[in-house]
>>> print(open('upload20.cif').read())   # mmCIF, N, CA and C atoms and all ligand atoms
data_query
loop_
_atom_site.label_atom_id
_atom_site.label_comp_id
_atom_site.auth_asym_id
_atom_site.auth_seq_id
_atom_site.Cartn_x
_atom_site.Cartn_y
_atom_site.Cartn_z
N MET A 1005 -3.87 21.63 10.26
CA MET A 1005 -3.63 20.38 9.53
C MET A 1005 -4.37 19.23 10.23
N ALA A 1006 -4.87 18.32 9.45
CA ALA A 1006 -5.69 17.26 10.02
C ALA A 1006 -4.88 15.98 10.20
N ILE A 1007 -5.08 15.34 11.36
CA ILE A 1007 -4.51 14.01 11.55
C ILE A 1007 -5.43 13.02 10.83
N GLN A 1008 -4.82 12.25 9.93
CA GLN A 1008 -5.58 11.28 9.14
C GLN A 1008 -4.96 9.89 9.30
N ARG A 1009 -5.73 8.91 8.83
CA ARG A 1009 -5.21 7.55 8.70
C ARG A 1009 -5.34 7.12 7.25
N THR A 1010 -4.41 6.29 6.80
CA THR A 1010 -4.46 5.79 5.42
C THR A 1010 -4.05 4.33 5.41
N LEU A 1011 -4.56 3.59 4.43
CA LEU A 1011 -4.16 2.18 4.32
C LEU A 1011 -2.94 2.07 3.40
N SER A 1012 -1.99 1.29 3.85
CA SER A 1012 -0.79 0.99 3.07
C SER A 1012 -0.67 -0.52 2.92
N ILE A 1013 -0.18 -0.96 1.77
CA ILE A 1013 0.15 -2.38 1.58
C ILE A 1013 1.57 -2.46 1.03
N ILE A 1014 2.40 -3.22 1.72
CA ILE A 1014 3.72 -3.57 1.18
C ILE A 1014 3.51 -4.83 0.34
N LYS A 1015 3.78 -4.70 -0.95
CA LYS A 1015 3.35 -5.71 -1.93
C LYS A 1015 4.33 -6.89 -2.01
N PRO A 1016 3.90 -7.98 -2.70
CA PRO A 1016 4.73 -9.20 -2.73
C PRO A 1016 6.13 -9.01 -3.28
N ASP A 1017 6.32 -8.08 -4.22
CA ASP A 1017 7.69 -7.90 -4.75
C ASP A 1017 8.62 -7.38 -3.66
N ALA A 1018 8.07 -6.60 -2.74
CA ALA A 1018 8.89 -6.01 -1.67
C ALA A 1018 9.10 -7.00 -0.52
N THR A 1019 8.05 -7.76 -0.15
CA THR A 1019 8.26 -8.74 0.93
C THR A 1019 9.23 -9.83 0.46
N ARG A 1020 9.16 -10.19 -0.83
CA ARG A 1020 10.08 -11.21 -1.38
C ARG A 1020 11.54 -10.78 -1.23
N ARG A 1021 11.78 -9.47 -1.36
CA ARG A 1021 13.16 -8.96 -1.26
C ARG A 1021 13.50 -8.50 0.17
N ASN A 1022 12.61 -8.81 1.12
CA ASN A 1022 12.87 -8.53 2.54
C ASN A 1022 13.02 -7.03 2.80
N LEU A 1023 12.14 -6.23 2.18
CA LEU A 1023 12.25 -4.77 2.26
C LEU A 1023 11.28 -4.15 3.26
N THR A 1024 10.57 -4.98 4.03
CA THR A 1024 9.55 -4.42 4.94
C THR A 1024 10.14 -3.37 5.88
N GLY A 1025 11.27 -3.69 6.49
CA GLY A 1025 11.86 -2.76 7.45
C GLY A 1025 12.31 -1.46 6.80
N GLN A 1026 12.93 -1.56 5.63
CA GLN A 1026 13.38 -0.35 4.93
C GLN A 1026 12.21 0.53 4.52
N ILE A 1027 11.11 -0.11 4.09
CA ILE A 1027 9.93 0.67 3.70
C ILE A 1027 9.28 1.29 4.93
N ASN A 1028 9.17 0.52 6.01
CA ASN A 1028 8.60 1.10 7.24
C ASN A 1028 9.42 2.28 7.74
N ALA A 1029 10.73 2.20 7.57
CA ALA A 1029 11.58 3.32 8.01
C ALA A 1029 11.24 4.60 7.23
N ARG A 1030 10.91 4.45 5.96
CA ARG A 1030 10.54 5.64 5.16
C ARG A 1030 9.30 6.32 5.77
N PHE A 1031 8.34 5.51 6.21
CA PHE A 1031 7.13 6.09 6.80
C PHE A 1031 7.48 6.81 8.11
N GLU A 1032 8.23 6.13 8.95
CA GLU A 1032 8.54 6.69 10.28
C GLU A 1032 9.44 7.92 10.17
N GLU A 1033 10.39 7.90 9.25
CA GLU A 1033 11.27 9.07 9.05
C GLU A 1033 10.47 10.29 8.59
N ASN A 1034 9.32 10.02 7.97
CA ASN A 1034 8.47 11.10 7.48
C ASN A 1034 7.26 11.35 8.36
N ASP A 1035 7.38 10.99 9.63
CA ASP A 1035 6.39 11.33 10.66
C ASP A 1035 5.05 10.63 10.48
N LEU A 1036 5.03 9.49 9.79
CA LEU A 1036 3.83 8.66 9.79
C LEU A 1036 4.05 7.54 10.81
N ARG A 1037 3.02 7.28 11.59
CA ARG A 1037 3.08 6.27 12.65
C ARG A 1037 2.31 5.04 12.18
N ILE A 1038 2.92 3.85 12.36
CA ILE A 1038 2.24 2.60 11.98
C ILE A 1038 1.37 2.20 13.16
N VAL A 1039 0.05 2.40 13.03
CA VAL A 1039 -0.85 2.15 14.18
C VAL A 1039 -1.53 0.79 14.09
N ALA A 1040 -1.30 0.08 12.97
CA ALA A 1040 -1.77 -1.30 12.83
C ALA A 1040 -0.96 -1.93 11.70
N GLN A 1041 -0.69 -3.22 11.84
CA GLN A 1041 0.12 -3.88 10.81
C GLN A 1041 -0.05 -5.39 10.92
N LYS A 1042 -0.24 -6.07 9.79
CA LYS A 1042 -0.20 -7.53 9.80
C LYS A 1042 0.28 -8.06 8.45
N ARG A 1043 0.99 -9.17 8.53
CA ARG A 1043 1.49 -9.83 7.33
C ARG A 1043 0.51 -10.94 6.98
N ILE A 1044 0.00 -10.91 5.78
CA ILE A 1044 -1.01 -11.89 5.36
C ILE A 1044 -0.67 -12.38 3.96
N HIS A 1045 -1.25 -13.53 3.62
CA HIS A 1045 -1.18 -13.99 2.23
C HIS A 1045 -2.60 -13.84 1.69
N MET A 1046 -2.82 -12.85 0.85
CA MET A 1046 -4.17 -12.56 0.35
C MET A 1046 -4.71 -13.71 -0.47
N THR A 1047 -6.00 -13.97 -0.31
CA THR A 1047 -6.66 -14.91 -1.20
C THR A 1047 -7.03 -14.17 -2.49
N ARG A 1048 -7.35 -14.95 -3.54
CA ARG A 1048 -7.73 -14.32 -4.81
C ARG A 1048 -9.00 -13.49 -4.59
N SER A 1049 -9.93 -14.01 -3.80
CA SER A 1049 -11.18 -13.26 -3.62
C SER A 1049 -10.95 -12.00 -2.79
N GLN A 1050 -10.02 -12.03 -1.85
CA GLN A 1050 -9.68 -10.79 -1.13
C GLN A 1050 -9.10 -9.75 -2.10
N ALA A 1051 -8.18 -10.19 -2.96
CA ALA A 1051 -7.56 -9.26 -3.91
C ALA A 1051 -8.63 -8.68 -4.85
N GLU A 1052 -9.52 -9.54 -5.33
CA GLU A 1052 -10.59 -9.07 -6.23
C GLU A 1052 -11.50 -8.08 -5.51
N GLY A 1053 -11.79 -8.34 -4.25
CA GLY A 1053 -12.65 -7.43 -3.48
C GLY A 1053 -11.96 -6.11 -3.21
N PHE A 1054 -10.69 -6.18 -2.84
CA PHE A 1054 -9.97 -4.96 -2.51
C PHE A 1054 -9.83 -4.05 -3.73
N TYR A 1055 -9.56 -4.66 -4.88
CA TYR A 1055 -9.32 -3.87 -6.10
C TYR A 1055 -10.57 -3.82 -7.00
N ALA A 1056 -11.76 -4.03 -6.43
CA ALA A 1056 -12.99 -4.09 -7.23
C ALA A 1056 -13.18 -2.86 -8.11
N VAL A 1057 -12.70 -1.70 -7.62
CA VAL A 1057 -12.84 -0.47 -8.39
C VAL A 1057 -12.12 -0.57 -9.75
N HIS A 1058 -11.16 -1.48 -9.86
CA HIS A 1058 -10.40 -1.65 -11.11
C HIS A 1058 -10.89 -2.84 -11.93
N ALA A 1059 -12.06 -3.41 -11.56
CA ALA A 1059 -12.49 -4.68 -12.16
C ALA A 1059 -12.60 -4.64 -13.68
N GLU A 1060 -12.89 -3.48 -14.24
CA GLU A 1060 -13.05 -3.38 -15.70
C GLU A 1060 -11.74 -3.10 -16.42
N ARG A 1061 -10.67 -2.86 -15.68
CA ARG A 1061 -9.40 -2.51 -16.30
C ARG A 1061 -8.70 -3.76 -16.84
N ALA A 1062 -7.97 -3.57 -17.94
CA ALA A 1062 -7.31 -4.71 -18.59
C ALA A 1062 -6.31 -5.40 -17.66
N PHE A 1063 -5.74 -4.63 -16.72
CA PHE A 1063 -4.70 -5.20 -15.86
C PHE A 1063 -5.26 -5.88 -14.62
N PHE A 1064 -6.59 -5.91 -14.45
CA PHE A 1064 -7.20 -6.39 -13.21
C PHE A 1064 -6.79 -7.83 -12.85
N GLY A 1065 -6.89 -8.73 -13.83
CA GLY A 1065 -6.58 -10.15 -13.55
C GLY A 1065 -5.14 -10.33 -13.12
N ASP A 1066 -4.23 -9.71 -13.88
CA ASP A 1066 -2.80 -9.83 -13.54
C ASP A 1066 -2.51 -9.20 -12.17
N LEU A 1067 -3.18 -8.07 -11.90
CA LEU A 1067 -2.97 -7.38 -10.61
C LEU A 1067 -3.40 -8.30 -9.45
N CYS A 1068 -4.56 -8.94 -9.59
CA CYS A 1068 -5.04 -9.83 -8.53
C CYS A 1068 -4.13 -11.04 -8.38
N ASP A 1069 -3.67 -11.60 -9.50
CA ASP A 1069 -2.72 -12.72 -9.42
C ASP A 1069 -1.46 -12.30 -8.67
N PHE A 1070 -0.96 -11.12 -9.03
CA PHE A 1070 0.28 -10.64 -8.39
C PHE A 1070 0.09 -10.43 -6.89
N MET A 1071 -1.04 -9.85 -6.50
CA MET A 1071 -1.23 -9.52 -5.08
C MET A 1071 -1.39 -10.77 -4.21
N CYS A 1072 -1.73 -11.93 -4.85
CA CYS A 1072 -1.74 -13.16 -4.04
C CYS A 1072 -0.57 -14.07 -4.37
N SER A 1073 0.47 -13.53 -5.00
CA SER A 1073 1.63 -14.35 -5.37
C SER A 1073 2.61 -14.55 -4.23
N GLY A 1074 2.39 -13.85 -3.11
CA GLY A 1074 3.28 -13.96 -1.96
C GLY A 1074 2.71 -13.14 -0.83
N PRO A 1075 3.40 -13.12 0.31
CA PRO A 1075 2.89 -12.35 1.45
C PRO A 1075 2.87 -10.85 1.17
N VAL A 1076 1.93 -10.18 1.82
CA VAL A 1076 1.90 -8.71 1.82
C VAL A 1076 1.83 -8.27 3.28
N VAL A 1077 2.17 -7.01 3.51
CA VAL A 1077 2.00 -6.42 4.84
C VAL A 1077 0.97 -5.31 4.70
N VAL A 1078 -0.19 -5.51 5.34
CA VAL A 1078 -1.22 -4.47 5.32
C VAL A 1078 -1.05 -3.66 6.60
N GLN A 1079 -1.19 -2.35 6.47
CA GLN A 1079 -0.89 -1.50 7.62
C GLN A 1079 -1.69 -0.21 7.55
N VAL A 1080 -1.88 0.39 8.71
CA VAL A 1080 -2.55 1.68 8.80
C VAL A 1080 -1.53 2.70 9.28
N LEU A 1081 -1.39 3.76 8.51
CA LEU A 1081 -0.45 4.84 8.83
C LEU A 1081 -1.24 6.05 9.31
N GLU A 1082 -0.73 6.70 10.34
CA GLU A 1082 -1.42 7.85 10.92
C GLU A 1082 -0.46 9.04 10.97
N GLY A 1083 -0.99 10.21 10.65
CA GLY A 1083 -0.18 11.42 10.74
C GLY A 1083 -0.89 12.58 10.09
N GLU A 1084 -0.23 13.73 10.07
CA GLU A 1084 -0.84 14.91 9.45
C GLU A 1084 -0.99 14.67 7.95
N ASN A 1085 -2.19 14.88 7.47
CA ASN A 1085 -2.50 14.67 6.05
C ASN A 1085 -1.92 13.36 5.54
N ALA A 1086 -2.18 12.28 6.27
CA ALA A 1086 -1.51 11.00 6.00
C ALA A 1086 -1.75 10.49 4.58
N VAL A 1087 -2.93 10.74 4.01
CA VAL A 1087 -3.20 10.22 2.67
C VAL A 1087 -2.23 10.83 1.66
N THR A 1088 -2.16 12.15 1.65
CA THR A 1088 -1.28 12.85 0.71
C THR A 1088 0.18 12.62 1.06
N ALA A 1089 0.47 12.66 2.36
CA ALA A 1089 1.87 12.45 2.79
C ALA A 1089 2.37 11.10 2.31
N ASN A 1090 1.55 10.06 2.47
CA ASN A 1090 1.99 8.73 2.04
C ASN A 1090 2.14 8.67 0.53
N ARG A 1091 1.28 9.33 -0.21
CA ARG A 1091 1.39 9.30 -1.67
C ARG A 1091 2.68 9.99 -2.12
N ASP A 1092 3.07 11.04 -1.39
CA ASP A 1092 4.35 11.70 -1.70
C ASP A 1092 5.53 10.78 -1.39
N ILE A 1093 5.45 10.06 -0.28
CA ILE A 1093 6.54 9.15 0.11
C ILE A 1093 6.64 7.98 -0.88
N MET A 1094 5.46 7.50 -1.38
CA MET A 1094 5.46 6.37 -2.32
C MET A 1094 5.99 6.77 -3.69
N GLY A 1095 5.59 7.94 -4.20
CA GLY A 1095 5.93 8.34 -5.56
C GLY A 1095 4.90 7.85 -6.56
N ALA A 1096 5.12 8.18 -7.83
CA ALA A 1096 4.15 7.86 -8.89
C ALA A 1096 3.94 6.36 -9.02
N THR A 1097 2.72 6.00 -9.48
CA THR A 1097 2.35 4.58 -9.63
C THR A 1097 3.40 3.81 -10.43
N ASN A 1098 3.83 4.40 -11.54
CA ASN A 1098 4.85 3.75 -12.37
C ASN A 1098 6.24 4.17 -11.86
N PRO A 1099 7.02 3.22 -11.35
CA PRO A 1099 8.34 3.59 -10.81
C PRO A 1099 9.18 4.40 -11.79
N ALA A 1100 8.96 4.18 -13.08
CA ALA A 1100 9.73 4.91 -14.10
C ALA A 1100 9.45 6.41 -14.04
N ASN A 1101 8.28 6.77 -13.52
CA ASN A 1101 7.90 8.19 -13.44
C ASN A 1101 8.03 8.76 -12.03
N ALA A 1102 8.48 7.95 -11.10
CA ALA A 1102 8.52 8.38 -9.69
C ALA A 1102 9.73 9.28 -9.43
N ASP A 1103 9.53 10.23 -8.51
CA ASP A 1103 10.61 11.15 -8.14
C ASP A 1103 11.72 10.43 -7.39
N GLU A 1104 12.91 11.00 -7.48
CA GLU A 1104 14.06 10.49 -6.71
C GLU A 1104 13.72 10.46 -5.22
N GLY A 1105 14.16 9.42 -4.55
CA GLY A 1105 13.99 9.34 -3.10
C GLY A 1105 12.66 8.77 -2.66
N THR A 1106 11.77 8.46 -3.61
CA THR A 1106 10.50 7.85 -3.23
C THR A 1106 10.65 6.32 -3.17
N ILE A 1107 9.72 5.68 -2.48
CA ILE A 1107 9.77 4.22 -2.33
C ILE A 1107 9.72 3.54 -3.70
N ARG A 1108 8.79 4.00 -4.54
CA ARG A 1108 8.64 3.31 -5.83
C ARG A 1108 9.85 3.54 -6.73
N LYS A 1109 10.47 4.72 -6.65
CA LYS A 1109 11.69 4.95 -7.45
C LYS A 1109 12.81 4.04 -6.97
N ASP A 1110 12.94 3.93 -5.65
CA ASP A 1110 14.08 3.20 -5.09
C ASP A 1110 13.88 1.68 -5.11
N PHE A 1111 12.63 1.23 -4.99
CA PHE A 1111 12.40 -0.20 -4.82
C PHE A 1111 11.49 -0.82 -5.88
N GLY A 1112 10.65 -0.06 -6.55
CA GLY A 1112 9.67 -0.60 -7.49
C GLY A 1112 10.34 -1.27 -8.69
N GLU A 1113 9.73 -2.35 -9.15
CA GLU A 1113 10.28 -3.10 -10.29
C GLU A 1113 9.53 -2.80 -11.57
N SER A 1114 8.24 -2.49 -11.47
CA SER A 1114 7.39 -2.25 -12.64
C SER A 1114 6.11 -1.59 -12.16
N ILE A 1115 5.24 -1.19 -13.10
CA ILE A 1115 3.99 -0.55 -12.69
C ILE A 1115 3.15 -1.50 -11.84
N GLU A 1116 3.25 -2.80 -12.07
CA GLU A 1116 2.50 -3.78 -11.27
C GLU A 1116 3.26 -4.09 -9.97
N ALA A 1117 4.51 -4.43 -10.09
CA ALA A 1117 5.34 -4.74 -8.92
C ALA A 1117 5.96 -3.44 -8.42
N ASN A 1118 5.10 -2.55 -7.92
CA ASN A 1118 5.56 -1.21 -7.54
C ASN A 1118 5.68 -1.05 -6.02
N SER A 1119 5.83 -2.17 -5.34
CA SER A 1119 6.27 -2.27 -3.93
C SER A 1119 5.26 -1.83 -2.88
N VAL A 1120 4.45 -0.81 -3.16
CA VAL A 1120 3.51 -0.33 -2.15
C VAL A 1120 2.20 0.13 -2.79
N HIS A 1121 1.14 0.01 -2.00
CA HIS A 1121 -0.15 0.63 -2.32
C HIS A 1121 -0.47 1.63 -1.22
N GLY A 1122 -1.13 2.73 -1.59
CA GLY A 1122 -1.62 3.66 -0.58
C GLY A 1122 -2.97 4.21 -1.01
N SER A 1123 -3.85 4.43 -0.05
CA SER A 1123 -5.18 4.97 -0.35
C SER A 1123 -5.05 6.30 -1.10
N ASP A 1124 -6.04 6.57 -1.98
CA ASP A 1124 -5.95 7.79 -2.79
C ASP A 1124 -6.82 8.94 -2.29
N SER A 1125 -7.61 8.71 -1.24
CA SER A 1125 -8.44 9.78 -0.67
C SER A 1125 -8.82 9.37 0.75
N PRO A 1126 -9.19 10.32 1.59
CA PRO A 1126 -9.62 9.97 2.95
C PRO A 1126 -10.84 9.04 2.93
N GLU A 1127 -11.74 9.26 1.98
CA GLU A 1127 -12.94 8.42 1.89
C GLU A 1127 -12.55 6.97 1.59
N ASN A 1128 -11.68 6.79 0.59
CA ASN A 1128 -11.24 5.43 0.26
C ASN A 1128 -10.37 4.84 1.36
N ALA A 1129 -9.63 5.68 2.07
CA ALA A 1129 -8.83 5.18 3.19
C ALA A 1129 -9.73 4.51 4.22
N ALA A 1130 -10.84 5.15 4.54
CA ALA A 1130 -11.75 4.57 5.54
C ALA A 1130 -12.29 3.22 5.06
N ILE A 1131 -12.64 3.15 3.78
CA ILE A 1131 -13.16 1.89 3.22
C ILE A 1131 -12.07 0.82 3.23
N GLU A 1132 -10.87 1.20 2.81
CA GLU A 1132 -9.77 0.23 2.70
C GLU A 1132 -9.30 -0.24 4.08
N ILE A 1133 -9.27 0.66 5.05
CA ILE A 1133 -8.87 0.26 6.41
C ILE A 1133 -9.88 -0.75 6.94
N ALA A 1134 -11.16 -0.47 6.74
CA ALA A 1134 -12.20 -1.38 7.25
C ALA A 1134 -12.18 -2.73 6.53
N PHE A 1135 -11.61 -2.76 5.33
CA PHE A 1135 -11.52 -4.02 4.58
C PHE A 1135 -10.60 -5.01 5.30
N PHE A 1136 -9.55 -4.51 5.95
CA PHE A 1136 -8.55 -5.39 6.55
C PHE A 1136 -8.52 -5.37 8.08
N PHE A 1137 -9.04 -4.31 8.69
CA PHE A 1137 -8.87 -4.15 10.14
C PHE A 1137 -10.19 -3.85 10.83
N SER A 1138 -10.31 -4.37 12.06
CA SER A 1138 -11.40 -3.94 12.93
C SER A 1138 -10.90 -2.74 13.74
N GLN A 1139 -11.83 -1.99 14.31
CA GLN A 1139 -11.47 -0.78 15.08
C GLN A 1139 -10.51 -1.12 16.23
N THR A 1140 -10.72 -2.30 16.85
CA THR A 1140 -9.90 -2.63 18.02
C THR A 1140 -8.44 -2.95 17.64
N GLU A 1141 -8.18 -3.17 16.36
CA GLU A 1141 -6.81 -3.45 15.92
C GLU A 1141 -6.02 -2.18 15.64
N LEU A 1142 -6.68 -1.03 15.68
CA LEU A 1142 -6.01 0.25 15.40
C LEU A 1142 -5.59 0.84 16.74
N VAL A 1143 -4.28 0.90 16.96
CA VAL A 1143 -3.77 1.32 18.25
C VAL A 1143 -2.90 2.57 18.05
N GLY A 1144 -3.50 3.73 18.27
CA GLY A 1144 -2.80 4.99 17.99
C GLY A 1144 -1.91 5.42 19.14
P1 LIG B 1201 -2.02 0.48 -6.61
O1 LIG B 1201 -1.78 1.79 -5.94
O2 LIG B 1201 -1.92 -0.74 -5.79
O3 LIG B 1201 -3.48 0.51 -7.29
C1 LIG B 1201 -3.80 -0.31 -8.40
C2 LIG B 1201 -2.60 -0.98 -8.97
O4 LIG B 1201 -2.73 -1.49 -10.27
C3 LIG B 1201 -1.47 0.02 -9.10
O5 LIG B 1201 -0.98 0.36 -7.81
C4 LIG B 1201 -0.50 -0.72 -10.00
O6 LIG B 1201 0.44 -1.49 -9.27
C5 LIG B 1201 -1.40 -1.68 -10.76
N1 LIG B 1201 -1.36 -1.48 -12.21
C6 LIG B 1201 -0.97 -2.41 -13.09
N2 LIG B 1201 -1.04 -1.92 -14.34
C7 LIG B 1201 -1.49 -0.64 -14.24
C8 LIG B 1201 -1.77 0.38 -15.19
N3 LIG B 1201 -1.60 0.20 -16.51
N4 LIG B 1201 -2.20 1.57 -14.73
C9 LIG B 1201 -2.39 1.77 -13.38
N5 LIG B 1201 -2.14 0.82 -12.44
C10 LIG B 1201 -1.68 -0.38 -12.87
#
>>> encode(input="upload20.cif", output="structure tokens", more="lines below")
Ligand code: CMP
Amino acid sequence: MAIQRTLSIIKPDATRRNLTGQINARFEENDLRIVAQKRIHMTRSQAEGFYAVHAERAFFGDLCDFMCSGPVVVQVLEGENAVTANRDIMGATNPANADEGTIRKDFGESIEANSVHGSDSPENAAIEIAFFFSQTELVG
């Protein structure tokens, strides 16, 4: 099994409800280590850059507005198969379709306010980690 890193974002709906600690506990209970973390208020241009892959989607504008509507916690999670492991811990994008016991099932409010983001592949994880963190900020 490969040790990987993945980018996670605790979204504004979750920071607003003071859920950072409860969400971090889900990662740690499932053997993911938080090797970098910072709380930021994203600018509109940061949100547009981060989600550029979705620029043509109808929900893009609302998604960018939402991601800068309050603080987020950007973080790097490390562990065995971290990309897939984190996606299992998060659950389906739409909380209505997420499995019991997942973060999005337990905390998500809607497909947009779904509490967390996680990279969808190791390749995108590397790109997304570099978007927010320098190498010296990753402390394994
Ligand atoms: P995330 O993993 O952050 O990646 C893109 C986000 O777009 C996704 O989670 C959702 O929160 C958001 N989104 C809003 N509407 C949709 C939609 N119709 N389909 C997929 N993602 C959506």
>>> residues_near_ligand(input="upload20.cif", ligand="ligand LIG 1201 (chain B)", cutoff="8 Å", atoms="only C-alpha atoms and all ligand atoms", output="PyMOL selection string")
chain A and resi 1013+1055+1058+1062-1064+1066-1067+1097-1098+1114-1124
>>> atom_distance(input="upload20.cif", atom1="atom N of Val1057 of chain A", atom2="atom N of Val1078 of chain A")
18.4 Å
>>> closest_residue(input="upload20.cif", among="A:Ser1049, A:Glu1132, A:Arg1021, A:Leu1036", to="Thr1088 of chain A", atoms="only C-alpha atoms")
A:Leu1036
>>> residues_around(input="upload20.cif", residues="Pro1126 of chain A", least_positions_apart="5", cutoff="7 Å", atoms="all atoms listed in the file", output="number ranges by chain")
A: 1009, 1087, 1131
>>> atom_distance(input="upload20.cif", atom1="atom N of Leu1023 of chain A", atom2="atom CA of Ser1073 of chain A")
15.3 Å
>>> closest_residue(input="upload20.cif", among="A:Ala1100, A:Ala1134, A:Leu1081, A:Ala1129", to="Val1039 of chain A", atoms="only N, CA and C atoms")
A:Leu1081
>>> atom_distance(input="upload20.cif", atom1="atom N of Gln1050 of chain A", atom2="atom C of Cys1072 of chain A")
10.0 Å
>>> select_by_dssp(input="upload20.cif", residues="chain A", states="strand (DSSP E)", output="number ranges by chain")
A: 1007-1014, 1037-1044, 1076-1084, 1120-1122
>>> closest_residue(input="upload20.cif", among="A:Ile1107, A:Met1071, A:Leu1011, A:Ala1029", to="Phe1135 of chain A", atoms="only C-alpha atoms")
A:Leu1011
>>> select_by_dssp(input="upload20.cif", residues="segment 1010-1135 of chain A", states="alpha helix (DSSP H)", output="PyMOL selection string")
chain A and resi 1016-1020+1024-1033+1048-1054+1064-1071+1086-1094+1107-1111+1126-1135
>>> closest_residue(input="upload20.cif", among="A:Asp1092, A:Asp1103, A:Gly1074, A:Val1143", to="Asp1017 of chain A", atoms="only C-alpha atoms")
A:Gly1074
>>> axis_aligned_box(input="upload20.cif", around="segment 1063-1074 of chain A", padding_each_side="3 Å", output="JSON")
{"center_x": -2.0, "center_y": -9.6, "center_z": -8.8, "size_x": 16.5, "size_y": 15.9, "size_z": 21.9}
>>> closest_residue(input="upload20.cif", among="A:Ala1130, A:Ile1027, A:Ile1038, A:Ala1006", to="Val1080 of chain A", atoms="only C-alpha atoms")
A:Ile1038
>>> closest_residue(input="upload20.cif", among="A:Ala1051, A:Asp1110, A:Ala1040, A:Gly1025", to="Glu1141 of chain A", atoms="only N, CA and C atoms")
A:Ala1040
>>> build_atoms(input="upload20.cif", residues="segment 1112-1124 of chain A", atoms="N, CA, C and O atoms", output="PDB file, in the coordinates of the input")
ATOM      1  N   GLY A1112      10.650  -0.060  -6.550  1.00  0.00           N
ATOM      2  CA  GLY A1112       9.670  -0.600  -7.490  1.00  0.00           C
ATOM      3  C   GLY A1112      10.340  -1.270  -8.690  1.00  0.00           C
ATOM      4  O   GLY A1112      11.379  -0.813  -9.167  1.00  0.00           O
ATOM      5  N   GLU A1113       9.730  -2.350  -9.150  1.00  0.00           N
ATOM      6  CA  GLU A1113      10.280  -3.100 -10.290  1.00  0.00           C
ATOM      7  C   GLU A1113       9.530  -2.800 -11.570  1.00  0.00           C
ATOM      8  O   GLU A1113      10.087  -2.910 -12.664  1.00  0.00           O
ATOM      9  N   SER A1114       8.240  -2.490 -11.470  1.00  0.00           N
ATOM     10  CA  SER A1114       7.390  -2.250 -12.640  1.00  0.00           C
ATOM     11  C   SER A1114       6.110  -1.590 -12.160  1.00  0.00           C
ATOM     12  O   SER A1114       5.906  -1.449 -10.946  1.00  0.00           O
ATOM     13  N   ILE A1115       5.240  -1.190 -13.100  1.00  0.00           N
ATOM     14  CA  ILE A1115       3.990  -0.550 -12.690  1.00  0.00           C
ATOM     15  C   ILE A1115       3.150  -1.500 -11.840  1.00  0.00           C
ATOM     16  O   ILE A1115       2.420  -1.062 -10.950  1.00  0.00           O
ATOM     17  N   GLU A1116       3.250  -2.800 -12.070  1.00  0.00           N
ATOM     18  CA  GLU A1116       2.500  -3.780 -11.270  1.00  0.00           C
ATOM     19  C   GLU A1116       3.260  -4.090  -9.970  1.00  0.00           C
ATOM     20  O   GLU A1116       2.682  -3.981  -8.876  1.00  0.00           O
ATOM     21  N   ALA A1117       4.510  -4.430 -10.090  1.00  0.00           N
ATOM     22  CA  ALA A1117       5.340  -4.740  -8.920  1.00  0.00           C
ATOM     23  C   ALA A1117       5.960  -3.440  -8.420  1.00  0.00           C
ATOM     24  O   ALA A1117       7.189  -3.247  -8.480  1.00  0.00           O
ATOM     25  N   ASN A1118       5.100  -2.550  -7.920  1.00  0.00           N
ATOM     26  CA  ASN A1118       5.560  -1.210  -7.540  1.00  0.00           C
ATOM     27  C   ASN A1118       5.680  -1.050  -6.020  1.00  0.00           C
ATOM     28  O   ASN A1118       5.640   0.053  -5.494  1.00  0.00           O
ATOM     29  N   SER A1119       5.830  -2.170  -5.340  1.00  0.00           N
ATOM     30  CA  SER A1119       6.270  -2.270  -3.930  1.00  0.00           C
ATOM     31  C   SER A1119       5.260  -1.830  -2.880  1.00  0.00           C
ATOM     32  O   SER A1119       5.254  -2.390  -1.784  1.00  0.00           O
ATOM     33  N   VAL A1120       4.450  -0.810  -3.160  1.00  0.00           N
ATOM     34  CA  VAL A1120       3.510  -0.330  -2.150  1.00  0.00           C
ATOM     35  C   VAL A1120       2.200   0.130  -2.790  1.00  0.00           C
ATOM     36  O   VAL A1120       2.175   0.586  -3.929  1.00  0.00           O
ATOM     37  N   HIS A1121       1.140   0.010  -2.000  1.00  0.00           N
ATOM     38  CA  HIS A1121      -0.150   0.630  -2.320  1.00  0.00           C
ATOM     39  C   HIS A1121      -0.470   1.630  -1.220  1.00  0.00           C
ATOM     40  O   HIS A1121      -0.155   1.396  -0.057  1.00  0.00           O
ATOM     41  N   GLY A1122      -1.130   2.730  -1.590  1.00  0.00           N
ATOM     42  CA  GLY A1122      -1.620   3.660  -0.580  1.00  0.00           C
ATOM     43  C   GLY A1122      -2.970   4.210  -1.010  1.00  0.00           C
ATOM     44  O   GLY A1122      -3.205   4.432  -2.208  1.00  0.00           O
ATOM     45  N   SER A1123      -3.850   4.430  -0.050  1.00  0.00           N
ATOM     46  CA  SER A1123      -5.180   4.970  -0.350  1.00  0.00           C
ATOM     47  C   SER A1123      -5.050   6.300  -1.100  1.00  0.00           C
ATOM     48  O   SER A1123      -4.128   7.073  -0.857  1.00  0.00           O
ATOM     49  N   ASP A1124      -6.040   6.570  -1.980  1.00  0.00           N
ATOM     50  CA  ASP A1124      -5.950   7.790  -2.790  1.00  0.00           C
ATOM     51  C   ASP A1124      -6.820   8.940  -2.290  1.00  0.00           C
ATOM     52  O   ASP A1124      -6.783  10.030  -2.857  1.00  0.00           O
TER      53      ASP A1124
END
